Amino acid sequence: MFFLFGLTTREHLQFTRSADCRYCGRHAPQQVIQRRTKLSVFFIPLITLKKTRLQVCTNCGGTSSISGAEQRALAH
């Protein structure tokens, strides 16, 4: 009997907001991206193993991990 399992990572753009970049210091659009890694069995995603929120600067490409509270603060 064979079991096909693996990990799948997907990124979803949550929103884009203008803010100061942590790396280049310029006021530029910042994308907030949610990355999820899921365990799949027979190509069916079952369990979310890891959920990460990222802030990406559209000017310099600098990427940093943010918390849920920081994401909510950027959203408003």
# chains A, B, ... in the order shown; residues from 1 in each chain; ligands from 1
>>> residues_around(residues="His27 of chain A", least_positions_apart="4", cutoff="9 Å", atoms="only C-alpha atoms", output="compact mmCIF listing (two decimals) with C-alpha atoms, in the first residue's frame")
# COMPACT_ATOMS: atom_id res chain seq x y z
CA SER A 18 1.60 52.67 1.97
CA ALA A 19 4.00 52.81 4.91
CA ASP A 20 7.67 53.40 5.74
CA CYS A 21 9.98 50.53 4.82
CA ASN A 59 10.49 49.51 -3.63
>>> residues_around(residues="Leu54 of chain A", least_positions_apart="5", cutoff="8 Å", atoms="only C-alpha atoms", output="JSON, numbers by chain")
{"A": [31, 32, 33, 34, 35, 63, 64, 65, 66]}
>>> write_last_selection(atoms="C-alpha atoms", output="short mmCIF file (atom, residue, chain, number, x, y, z; two decimals), in the first residue's frame")
data_model
loop_
_atom_site.label_atom_id
_atom_site.label_comp_id
_atom_site.auth_asym_id
_atom_site.auth_seq_id
_atom_site.Cartn_x
_atom_site.Cartn_y
_atom_site.Cartn_z
CA GLN A 31 2.37 44.22 0.65
CA VAL A 32 1.14 42.00 3.47
CA ILE A 33 1.32 38.37 2.42
CA GLN A 34 0.13 35.32 4.34
CA ARG A 35 2.14 32.13 3.70
CA THR A 63 10.87 41.16 3.49
CA SER A 64 10.19 40.88 7.20
CA SER A 65 7.98 38.66 9.30
CA ILE A 66 5.16 40.41 11.19
#
>>> residues_around(residues="Lys51 of chain A", least_positions_apart="5", cutoff="10 Å", atoms="only C-alpha atoms", output="list in words")
Thr9, Arg10, Glu11, Gln34, Arg35, Arg36, Thr37 and Lys38 of chain A
>>> select_by_dssp(residues="chain A", states="strand (DSSP E or B)", output="JSON, numbers by chain")
{"A": [5, 6, 7, 8, 9, 10, 11, 12, 13, 14, 15, 16, 17, 18, 19, 20, 27, 28, 29, 30, 31, 32, 33, 34, 35, 36, 37, 38, 39, 40, 41, 44, 45, 46, 47, 48, 49, 50, 51, 52, 53, 54, 55, 56, 57, 63, 64, 65, 66]}
>>> residues_around(residues="Arg17 of chain A", least_positions_apart="5", cutoff="8 Å", atoms="only C-alpha atoms", output="VMD selection string")
chain A and resid 29 to 31 74 to 75
>>> atom_distance(atom1="atom CA of Leu7 of chain A", atom2="atom CA of Phe42 of chain A")
11.1 Å
>>> select_by_dssp(residues="chain A", states="alpha helix (DSSP H)", output="list in words")
Gly68, Ala69, Glu70, Gln71, Arg72, Ala73, Leu74 and Ala75 of chain A
